[in-house]
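Novice: Contents of structure.cif (mmCIF, N, CA and C atoms) are given next:
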data_run
#
loop_
_atom_site.label_atom_id
_atom_site.label_comp_id
_atom_site.auth_asym_id
_atom_site.auth_seq_id
_atom_site.Cartn_x
_atom_site.Cartn_y
_atom_site.Cartn_z
N MET A 1 62.70 11.56 -70.68
CA MET A 1 62.67 11.24 -69.27
C MET A 1 63.85 11.93 -68.59
N GLU A 2 63.60 12.58 -67.49
CA GLU A 2 64.65 13.26 -66.74
C GLU A 2 65.62 12.24 -66.14
N ILE A 3 66.86 12.69 -65.86
CA ILE A 3 67.89 11.80 -65.31
C ILE A 3 67.41 11.17 -64.01
N SER A 4 66.84 11.94 -63.09
CA SER A 4 66.41 11.39 -61.81
C SER A 4 65.32 10.34 -62.01
N ASN A 5 64.40 10.57 -62.97
CA ASN A 5 63.36 9.59 -63.26
C ASN A 5 63.97 8.35 -63.91
N LEU A 6 64.95 8.54 -64.78
CA LEU A 6 65.62 7.44 -65.44
C LEU A 6 66.36 6.57 -64.43
N GLU A 7 67.08 7.21 -63.50
CA GLU A 7 67.78 6.46 -62.45
C GLU A 7 66.80 5.69 -61.58
N SER A 8 65.69 6.31 -61.24
CA SER A 8 64.66 5.65 -60.43
C SER A 8 64.09 4.45 -61.18
N ASP A 9 63.84 4.62 -62.49
CA ASP A 9 63.32 3.53 -63.31
C ASP A 9 64.32 2.38 -63.37
N LEU A 10 65.60 2.68 -63.53
CA LEU A 10 66.63 1.64 -63.58
C LEU A 10 66.73 0.88 -62.26
N ARG A 11 66.65 1.60 -61.13
CA ARG A 11 66.68 0.93 -59.82
C ARG A 11 65.48 0.00 -59.68
N TRP A 12 64.29 0.47 -60.12
CA TRP A 12 63.08 -0.35 -60.04
C TRP A 12 63.25 -1.61 -60.87
N ARG A 13 63.77 -1.48 -62.10
CA ARG A 13 63.93 -2.63 -62.98
C ARG A 13 64.94 -3.64 -62.42
N ARG A 14 66.01 -3.16 -61.80
CA ARG A 14 67.01 -4.05 -61.23
C ARG A 14 66.46 -4.85 -60.06
N SER A 15 65.48 -4.29 -59.34
CA SER A 15 64.92 -4.98 -58.18
C SER A 15 63.85 -5.98 -58.58
N ARG A 16 63.46 -6.00 -59.83
CA ARG A 16 62.43 -6.91 -60.31
C ARG A 16 63.07 -8.17 -60.88
N LEU A 17 62.37 -9.27 -60.78
CA LEU A 17 62.80 -10.53 -61.37
C LEU A 17 61.93 -10.80 -62.59
N LYS A 18 62.45 -11.54 -63.53
CA LYS A 18 61.67 -11.91 -64.71
C LYS A 18 61.05 -13.28 -64.50
N TYR A 19 59.81 -13.40 -64.94
CA TYR A 19 59.06 -14.66 -64.90
C TYR A 19 58.41 -14.88 -66.25
N LEU A 20 58.44 -16.12 -66.70
CA LEU A 20 57.77 -16.49 -67.94
C LEU A 20 56.45 -17.15 -67.57
N CYS A 21 55.37 -16.59 -68.05
CA CYS A 21 54.04 -17.15 -67.82
C CYS A 21 53.63 -17.87 -69.10
N LEU A 22 53.64 -19.19 -69.06
CA LEU A 22 53.28 -20.00 -70.22
C LEU A 22 51.80 -20.30 -70.16
N VAL A 23 51.08 -19.96 -71.22
CA VAL A 23 49.64 -20.13 -71.28
C VAL A 23 49.32 -21.46 -71.95
N TYR A 24 48.65 -22.37 -71.23
CA TYR A 24 48.26 -23.67 -71.76
C TYR A 24 46.75 -23.80 -71.77
N GLY A 25 46.26 -24.53 -72.73
CA GLY A 25 44.83 -24.82 -72.77
C GLY A 25 44.51 -25.77 -73.91
N GLU A 26 43.30 -26.31 -73.88
CA GLU A 26 42.85 -27.15 -74.98
C GLU A 26 42.57 -26.25 -76.17
N GLU A 27 43.02 -26.67 -77.33
CA GLU A 27 42.93 -25.81 -78.52
C GLU A 27 41.51 -25.33 -78.80
N LYS A 28 40.52 -26.22 -78.67
CA LYS A 28 39.14 -25.83 -78.97
C LYS A 28 38.67 -24.73 -78.02
N GLU A 29 38.99 -24.88 -76.73
CA GLU A 29 38.57 -23.87 -75.75
C GLU A 29 39.30 -22.56 -75.96
N MET A 30 40.58 -22.63 -76.29
CA MET A 30 41.35 -21.42 -76.53
C MET A 30 40.85 -20.71 -77.79
N ALA A 31 40.54 -21.48 -78.82
CA ALA A 31 40.06 -20.89 -80.08
C ALA A 31 38.69 -20.24 -79.90
N ALA A 32 37.91 -20.72 -78.93
CA ALA A 32 36.58 -20.16 -78.68
C ALA A 32 36.65 -18.80 -77.99
N MET A 33 37.78 -18.49 -77.36
CA MET A 33 37.95 -17.19 -76.70
C MET A 33 38.26 -16.12 -77.75
N THR A 34 37.73 -14.93 -77.54
CA THR A 34 38.10 -13.83 -78.43
C THR A 34 39.44 -13.26 -77.95
N ASP A 35 40.11 -12.55 -78.82
CA ASP A 35 41.38 -11.93 -78.46
C ASP A 35 41.17 -10.65 -77.65
N ASP A 36 39.94 -10.15 -77.59
CA ASP A 36 39.67 -8.86 -76.93
C ASP A 36 40.17 -8.81 -75.49
N GLY A 37 39.85 -9.82 -74.68
CA GLY A 37 40.25 -9.83 -73.28
C GLY A 37 41.75 -9.88 -73.12
N CYS A 38 42.41 -10.70 -73.94
CA CYS A 38 43.87 -10.81 -73.89
C CYS A 38 44.53 -9.50 -74.30
N MET A 39 43.98 -8.86 -75.32
CA MET A 39 44.55 -7.59 -75.78
C MET A 39 44.39 -6.51 -74.72
N ALA A 40 43.24 -6.46 -74.08
CA ALA A 40 43.01 -5.46 -73.03
C ALA A 40 43.93 -5.71 -71.84
N TYR A 41 44.07 -6.98 -71.44
CA TYR A 41 44.94 -7.29 -70.31
C TYR A 41 46.39 -6.97 -70.65
N ASP A 42 46.80 -7.31 -71.86
CA ASP A 42 48.17 -7.03 -72.29
C ASP A 42 48.46 -5.53 -72.22
N GLN A 43 47.54 -4.71 -72.72
CA GLN A 43 47.72 -3.25 -72.67
C GLN A 43 47.81 -2.75 -71.24
N ALA A 44 46.93 -3.24 -70.37
CA ALA A 44 46.94 -2.82 -68.96
C ALA A 44 48.25 -3.22 -68.29
N LEU A 45 48.74 -4.42 -68.56
CA LEU A 45 49.98 -4.91 -67.97
C LEU A 45 51.17 -4.10 -68.48
N ARG A 46 51.16 -3.75 -69.76
CA ARG A 46 52.24 -2.93 -70.32
C ARG A 46 52.27 -1.54 -69.70
N LYS A 47 51.11 -0.99 -69.43
CA LYS A 47 51.05 0.35 -68.82
C LYS A 47 51.66 0.37 -67.43
N THR A 48 51.65 -0.77 -66.72
CA THR A 48 52.27 -0.84 -65.40
C THR A 48 53.78 -1.02 -65.48
N GLY A 49 54.29 -1.32 -66.69
CA GLY A 49 55.72 -1.54 -66.87
C GLY A 49 56.15 -2.96 -66.53
N ARG A 50 55.20 -3.85 -66.27
CA ARG A 50 55.55 -5.21 -65.87
C ARG A 50 55.66 -6.20 -67.03
N CYS A 51 55.15 -5.83 -68.20
CA CYS A 51 55.19 -6.74 -69.34
C CYS A 51 56.42 -6.45 -70.18
N VAL A 52 57.30 -7.45 -70.30
CA VAL A 52 58.50 -7.32 -71.12
C VAL A 52 58.18 -7.73 -72.56
N ALA A 53 57.41 -8.81 -72.71
CA ALA A 53 57.01 -9.31 -74.03
C ALA A 53 55.82 -10.23 -73.84
N SER A 54 55.02 -10.36 -74.89
CA SER A 54 53.90 -11.31 -74.86
C SER A 54 53.49 -11.61 -76.29
N GLU A 55 53.10 -12.84 -76.52
CA GLU A 55 52.64 -13.25 -77.85
C GLU A 55 51.69 -14.43 -77.72
N ALA A 56 50.75 -14.50 -78.64
CA ALA A 56 49.90 -15.68 -78.80
C ALA A 56 50.56 -16.56 -79.86
N LEU A 57 50.36 -17.86 -79.76
CA LEU A 57 50.97 -18.78 -80.72
C LEU A 57 49.93 -19.33 -81.68
N GLN A 58 50.38 -19.67 -82.87
CA GLN A 58 49.52 -20.31 -83.87
C GLN A 58 49.14 -21.71 -83.37
N PRO A 59 48.11 -22.35 -83.96
CA PRO A 59 47.70 -23.69 -83.51
C PRO A 59 48.82 -24.72 -83.63
N VAL A 60 48.67 -25.78 -82.87
CA VAL A 60 49.68 -26.85 -82.79
C VAL A 60 50.03 -27.43 -84.15
N HIS A 61 49.06 -27.55 -85.04
CA HIS A 61 49.35 -28.18 -86.34
C HIS A 61 50.35 -27.38 -87.18
N THR A 62 50.63 -26.14 -86.79
CA THR A 62 51.61 -25.33 -87.51
C THR A 62 53.03 -25.49 -86.97
N ALA A 63 53.17 -26.25 -85.88
CA ALA A 63 54.46 -26.38 -85.19
C ALA A 63 55.37 -27.40 -85.87
N ALA A 64 56.65 -27.28 -85.57
CA ALA A 64 57.65 -28.26 -85.97
C ALA A 64 58.55 -28.47 -84.75
N THR A 65 58.97 -29.71 -84.56
CA THR A 65 59.89 -30.04 -83.48
C THR A 65 61.24 -30.38 -84.11
N VAL A 66 62.30 -29.75 -83.60
CA VAL A 66 63.65 -29.95 -84.13
C VAL A 66 64.49 -30.65 -83.09
N ARG A 67 65.19 -31.71 -83.50
CA ARG A 67 66.13 -32.42 -82.64
C ARG A 67 67.44 -32.60 -83.41
N VAL A 68 68.55 -32.52 -82.71
CA VAL A 68 69.85 -32.80 -83.31
C VAL A 68 70.45 -33.95 -82.52
N ARG A 69 70.70 -35.06 -83.20
CA ARG A 69 71.28 -36.26 -82.59
C ARG A 69 72.46 -36.70 -83.45
N ASP A 70 73.59 -36.88 -82.82
CA ASP A 70 74.80 -37.31 -83.53
C ASP A 70 75.07 -36.44 -84.75
N GLY A 71 74.83 -35.13 -84.61
CA GLY A 71 75.10 -34.19 -85.67
C GLY A 71 74.05 -34.14 -86.77
N LYS A 72 73.00 -34.95 -86.67
CA LYS A 72 71.95 -34.97 -87.69
C LYS A 72 70.72 -34.24 -87.18
N VAL A 73 70.17 -33.39 -88.05
CA VAL A 73 68.97 -32.63 -87.71
C VAL A 73 67.74 -33.44 -88.11
N HIS A 74 66.82 -33.60 -87.15
CA HIS A 74 65.56 -34.29 -87.40
C HIS A 74 64.42 -33.31 -87.13
N ILE A 75 63.54 -33.15 -88.11
CA ILE A 75 62.41 -32.24 -87.97
C ILE A 75 61.13 -33.06 -88.06
N THR A 76 60.25 -32.87 -87.07
CA THR A 76 58.98 -33.57 -87.01
C THR A 76 57.86 -32.53 -87.03
N ASP A 77 56.82 -32.80 -87.80
CA ASP A 77 55.67 -31.90 -87.78
C ASP A 77 54.97 -31.99 -86.45
N GLY A 78 54.50 -30.85 -85.96
CA GLY A 78 53.72 -30.81 -84.72
C GLY A 78 54.60 -30.84 -83.49
N PRO A 79 53.94 -30.85 -82.33
CA PRO A 79 54.67 -30.85 -81.06
C PRO A 79 55.26 -32.22 -80.76
N PHE A 80 56.17 -32.25 -79.82
CA PHE A 80 56.86 -33.49 -79.45
C PHE A 80 55.95 -34.46 -78.73
N THR A 81 55.10 -33.97 -77.84
CA THR A 81 54.28 -34.85 -77.02
C THR A 81 52.80 -34.73 -77.38
N GLU A 82 52.09 -35.80 -77.15
CA GLU A 82 50.64 -35.80 -77.30
C GLU A 82 50.02 -35.42 -75.97
N THR A 83 49.22 -34.39 -75.98
CA THR A 83 48.59 -33.94 -74.75
C THR A 83 47.31 -33.20 -75.11
N LYS A 84 46.38 -33.12 -74.17
CA LYS A 84 45.14 -32.38 -74.42
C LYS A 84 45.42 -30.88 -74.44
N GLU A 85 46.24 -30.43 -73.50
CA GLU A 85 46.55 -29.01 -73.44
C GLU A 85 47.80 -28.72 -74.26
N CYS A 86 47.79 -27.58 -74.91
CA CYS A 86 48.95 -27.18 -75.70
C CYS A 86 49.38 -25.78 -75.28
N LEU A 87 50.60 -25.44 -75.63
CA LEU A 87 51.12 -24.10 -75.37
C LEU A 87 50.45 -23.14 -76.33
N ALA A 88 49.75 -22.14 -75.78
CA ALA A 88 48.97 -21.22 -76.60
C ALA A 88 49.61 -19.84 -76.69
N GLY A 89 50.51 -19.51 -75.76
CA GLY A 89 51.13 -18.21 -75.77
C GLY A 89 51.96 -18.00 -74.52
N PHE A 90 52.48 -16.78 -74.38
CA PHE A 90 53.31 -16.49 -73.21
C PHE A 90 53.28 -15.01 -72.88
N TYR A 91 53.60 -14.73 -71.64
CA TYR A 91 53.86 -13.37 -71.16
C TYR A 91 55.19 -13.42 -70.43
N LEU A 92 56.13 -12.57 -70.79
CA LEU A 92 57.36 -12.41 -70.04
C LEU A 92 57.16 -11.17 -69.19
N ILE A 93 57.13 -11.37 -67.87
CA ILE A 93 56.80 -10.26 -66.96
C ILE A 93 57.93 -10.00 -65.98
N GLU A 94 57.85 -8.85 -65.32
CA GLU A 94 58.75 -8.52 -64.22
C GLU A 94 57.90 -8.40 -62.97
N ALA A 95 58.38 -9.03 -61.90
CA ALA A 95 57.65 -9.01 -60.63
C ALA A 95 58.66 -9.05 -59.49
N ALA A 96 58.23 -8.62 -58.32
CA ALA A 96 59.12 -8.60 -57.15
C ALA A 96 59.48 -10.00 -56.69
N ASP A 97 58.53 -10.94 -56.82
CA ASP A 97 58.75 -12.31 -56.35
C ASP A 97 57.71 -13.23 -56.99
N LEU A 98 57.81 -14.53 -56.68
CA LEU A 98 56.89 -15.51 -57.26
C LEU A 98 55.44 -15.23 -56.87
N ASN A 99 55.22 -14.76 -55.67
CA ASN A 99 53.87 -14.44 -55.22
C ASN A 99 53.24 -13.37 -56.12
N GLU A 100 53.97 -12.29 -56.37
CA GLU A 100 53.44 -11.25 -57.25
C GLU A 100 53.26 -11.78 -58.67
N ALA A 101 54.20 -12.60 -59.15
CA ALA A 101 54.10 -13.15 -60.50
C ALA A 101 52.86 -14.03 -60.65
N THR A 102 52.56 -14.84 -59.63
CA THR A 102 51.37 -15.70 -59.72
C THR A 102 50.08 -14.87 -59.64
N GLN A 103 50.11 -13.77 -58.91
CA GLN A 103 48.95 -12.88 -58.87
C GLN A 103 48.71 -12.25 -60.24
N ILE A 104 49.78 -11.87 -60.91
CA ILE A 104 49.66 -11.31 -62.27
C ILE A 104 49.13 -12.40 -63.21
N ALA A 105 49.70 -13.61 -63.11
CA ALA A 105 49.29 -14.72 -63.98
C ALA A 105 47.83 -15.09 -63.79
N ALA A 106 47.33 -14.98 -62.59
CA ALA A 106 45.93 -15.34 -62.31
C ALA A 106 44.96 -14.44 -63.05
N GLN A 107 45.42 -13.27 -63.49
CA GLN A 107 44.55 -12.34 -64.21
C GLN A 107 44.62 -12.51 -65.73
N ILE A 108 45.50 -13.37 -66.22
CA ILE A 108 45.59 -13.61 -67.66
C ILE A 108 44.30 -14.32 -68.08
N PRO A 109 43.55 -13.77 -69.03
CA PRO A 109 42.24 -14.32 -69.37
C PRO A 109 42.17 -15.83 -69.64
N PRO A 110 43.10 -16.45 -70.38
CA PRO A 110 43.00 -17.89 -70.60
C PRO A 110 43.13 -18.74 -69.33
N ALA A 111 43.53 -18.15 -68.20
CA ALA A 111 43.59 -18.92 -66.95
C ALA A 111 42.20 -19.45 -66.57
N ARG A 112 41.15 -18.82 -67.10
CA ARG A 112 39.78 -19.23 -66.79
C ARG A 112 39.39 -20.53 -67.50
N VAL A 113 40.08 -20.86 -68.60
CA VAL A 113 39.76 -22.10 -69.33
C VAL A 113 40.94 -23.05 -69.44
N GLY A 114 42.12 -22.56 -69.12
CA GLY A 114 43.33 -23.38 -69.21
C GLY A 114 44.15 -23.22 -67.96
N SER A 115 45.46 -23.14 -68.13
CA SER A 115 46.35 -22.96 -66.99
C SER A 115 47.52 -22.08 -67.40
N ILE A 116 48.13 -21.46 -66.39
CA ILE A 116 49.29 -20.61 -66.61
C ILE A 116 50.44 -21.16 -65.77
N GLU A 117 51.50 -21.58 -66.42
CA GLU A 117 52.69 -22.04 -65.71
C GLU A 117 53.61 -20.84 -65.52
N VAL A 118 54.00 -20.57 -64.29
CA VAL A 118 54.85 -19.42 -63.98
C VAL A 118 56.23 -19.94 -63.60
N ARG A 119 57.24 -19.51 -64.36
CA ARG A 119 58.61 -19.98 -64.10
C ARG A 119 59.56 -18.80 -64.04
N PRO A 120 60.43 -18.79 -63.03
CA PRO A 120 61.45 -17.74 -62.97
C PRO A 120 62.42 -17.91 -64.14
N VAL A 121 62.85 -16.79 -64.69
CA VAL A 121 63.84 -16.81 -65.77
C VAL A 121 65.22 -16.90 -65.12
N ARG A 122 66.04 -17.77 -65.65
CA ARG A 122 67.40 -17.96 -65.14
C ARG A 122 68.37 -17.13 -65.95
N GLU A 123 69.22 -16.41 -65.26
CA GLU A 123 70.24 -15.60 -65.93
C GLU A 123 71.37 -16.50 -66.41
N LEU A 124 71.81 -16.30 -67.65
CA LEU A 124 72.92 -17.08 -68.19
C LEU A 124 74.24 -16.54 -67.65
N THR A 125 75.08 -17.45 -67.17
CA THR A 125 76.40 -17.10 -66.66
C THR A 125 77.41 -18.09 -67.22
N SER A 126 78.51 -17.58 -67.79
CA SER A 126 79.53 -18.46 -68.36
C SER A 126 80.29 -19.18 -67.24
N THR A 127 81.09 -20.15 -67.61
CA THR A 127 81.89 -20.89 -66.62
C THR A 127 82.91 -19.99 -65.94
N SER A 128 83.25 -18.85 -66.58
CA SER A 128 84.18 -17.90 -65.96
C SER A 128 83.46 -16.90 -65.07
N GLY A 129 82.13 -17.03 -64.98
CA GLY A 129 81.35 -16.13 -64.12
C GLY A 129 80.81 -14.90 -64.84
N GLU A 130 81.07 -14.79 -66.13
CA GLU A 130 80.60 -13.64 -66.90
C GLU A 130 79.11 -13.79 -67.18
N ARG A 131 78.36 -12.70 -66.97
CA ARG A 131 76.92 -12.72 -67.23
C ARG A 131 76.65 -12.20 -68.62
N ARG A 132 75.58 -12.72 -69.21
CA ARG A 132 75.20 -12.29 -70.55
C ARG A 132 74.85 -10.81 -70.53
N GLN A 133 75.35 -10.08 -71.51
CA GLN A 133 75.07 -8.65 -71.65
C GLN A 133 73.89 -8.46 -72.59
N LEU A 134 72.92 -7.68 -72.14
CA LEU A 134 71.76 -7.40 -72.98
C LEU A 134 71.85 -6.04 -73.61
#
The structure given in the file should be rewritten as structure tokens.
Specialist:
Amino acid sequence: MEISNLESDLRWRRSRLKYLCLVYGEEKEMAAMTDDGCMAYDQALRKTGRCVASEALQPVHTAATVRVRDGKVHITDGPFTETKECLAGFYLIEAADLNEATQIAAQIPPARVGSIEVRPVRELTSTSGERRQL
């Protein structure tokens, strides 16, 4: 990539905000979907430069919940809460604002059978004002 293109790309990335799109749905409905639509959407989103990361998650029965109380580690099989919908995957995207992020999320295939929670990513800052270096 040429320097001028690299500088332009860096300016574009700095003007974008990160949003986490959490994919929720009932396990049976999510399992009935093929991965084809998600894979195609993921590739299309990556080609636009808006996808930072994305993954599908294994079924809920493979999960473990970890808690530390009074210095003791407690591990429980499965998720912490009982609910019909479970976390099925995520997309970490870059968008100009929440409006653009929700438009991107509306195109995620499981939105047709489940829901997509869109949350802005918060930058970590120390008490001295130092920002996390990536």
Novice: Go through the shown structure with the PyMOL selection byres (((chain A and resi 50 and name CA) around 12) and name CA) and write out the matching residues as a PyMOL selection string.
Specialist: chain A and resi 9+12-13+16-20+41-49+51-54+91-96+100-101+104-105
Novice: May I ask for the distance between atom N of A:Val23 and atom N of A:Asp77, given in Å to one decimal place?
Specialist: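 That distance, rounded to one decimal, is 21.7 Å.
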Novice: Can you work out the spacing between atom C of A:Leu87 and atom N of A:Gly25 in Å, to one decimal?
Specialist: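 Between atom C of A:Leu87 and atom N of A:Gly25 the gap works out to 5.7 Å.
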Novice: Taking the file above as input, evaluate the PyMOL selection byres (((chain A and resi 110-126 and name CA) around 9) and name CA) and report the hits as a PyMOL selection string.
Specialist: chain A and resi 17-26+29-30+33+37-38+85+90+92+97-98+101-102+105-109+127-132
Novice: Quick one: pick out all alpha helix (DSSP H) residues within stretch 19-128 of chain A from a backbone DSSP run and write them as a list in words.
Specialist: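 The residues of stretch 19-128 of chain A classed as alpha helix (DSSP H) are Glu27, Lys28, Glu29, Met30, Ala31, Ala32, Asp36, Gly37, Cys38, Met39, Ala40, Tyr41, Asp42, Gln43, Ala44, Leu45, Arg46, Lys47, Leu98, Asn99, Glu100, Ala101, Thr102, Gln103, Ile104 and Ala105 of chain A.
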Novice: For atom CA of A:Ala31 and atom CA of A:Asn99, quote the distance in Å rounded to one decimal.
Specialist: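 If I compute the distance from atom CA of A:Ala31 to atom CA of A:Asn99, I get 29.2 Å.
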Novice: A:Thr83, A:Gln133, A:Gly78, A:Lys28: which is nearest A:Ala64, counting all atoms listed in the file?
Specialist: A:Gly78
Novice: Could you tell me which of A:Val73, A:Ala88, A:Ala32, A:Met39 comes closest to A:Pro59 if we count only C-alpha atoms?
Specialist: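 Ranking A:Val73, A:Ala88, A:Ala32, A:Met39 by distance to A:Pro59, first place goes to A:Ala88.
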Novice: Mind working out the centre and edge lengths of an axis-aligned box for stretch 115-134 of chain A, all listed atoms inside, 3 Å added to each side, rounded to one decimal in Å and written as lines of an AutoDock Vina configuration file?
Specialist:
center_x = 64.8
center_y = -14.6
center_z = -68.3
size_x = 44.7
size_y = 23.1
size_z = 16.6
Novice: Please identify which residues in chain A DSSP calls strand (DSSP E) from the backbone, and express them as number ranges by chain.
Specialist: A: 17-26, 51-56, 64-69, 72-77, 85-95, 115-120
Novice: Starting from the point (49.6, -17.2, -78.1), work out which residues of protein, DNA or RNA have an atom no more than 6 Å away when counting only C-alpha atoms; state them as number ranges by chain.
Specialist: A: 55-57, 88-89
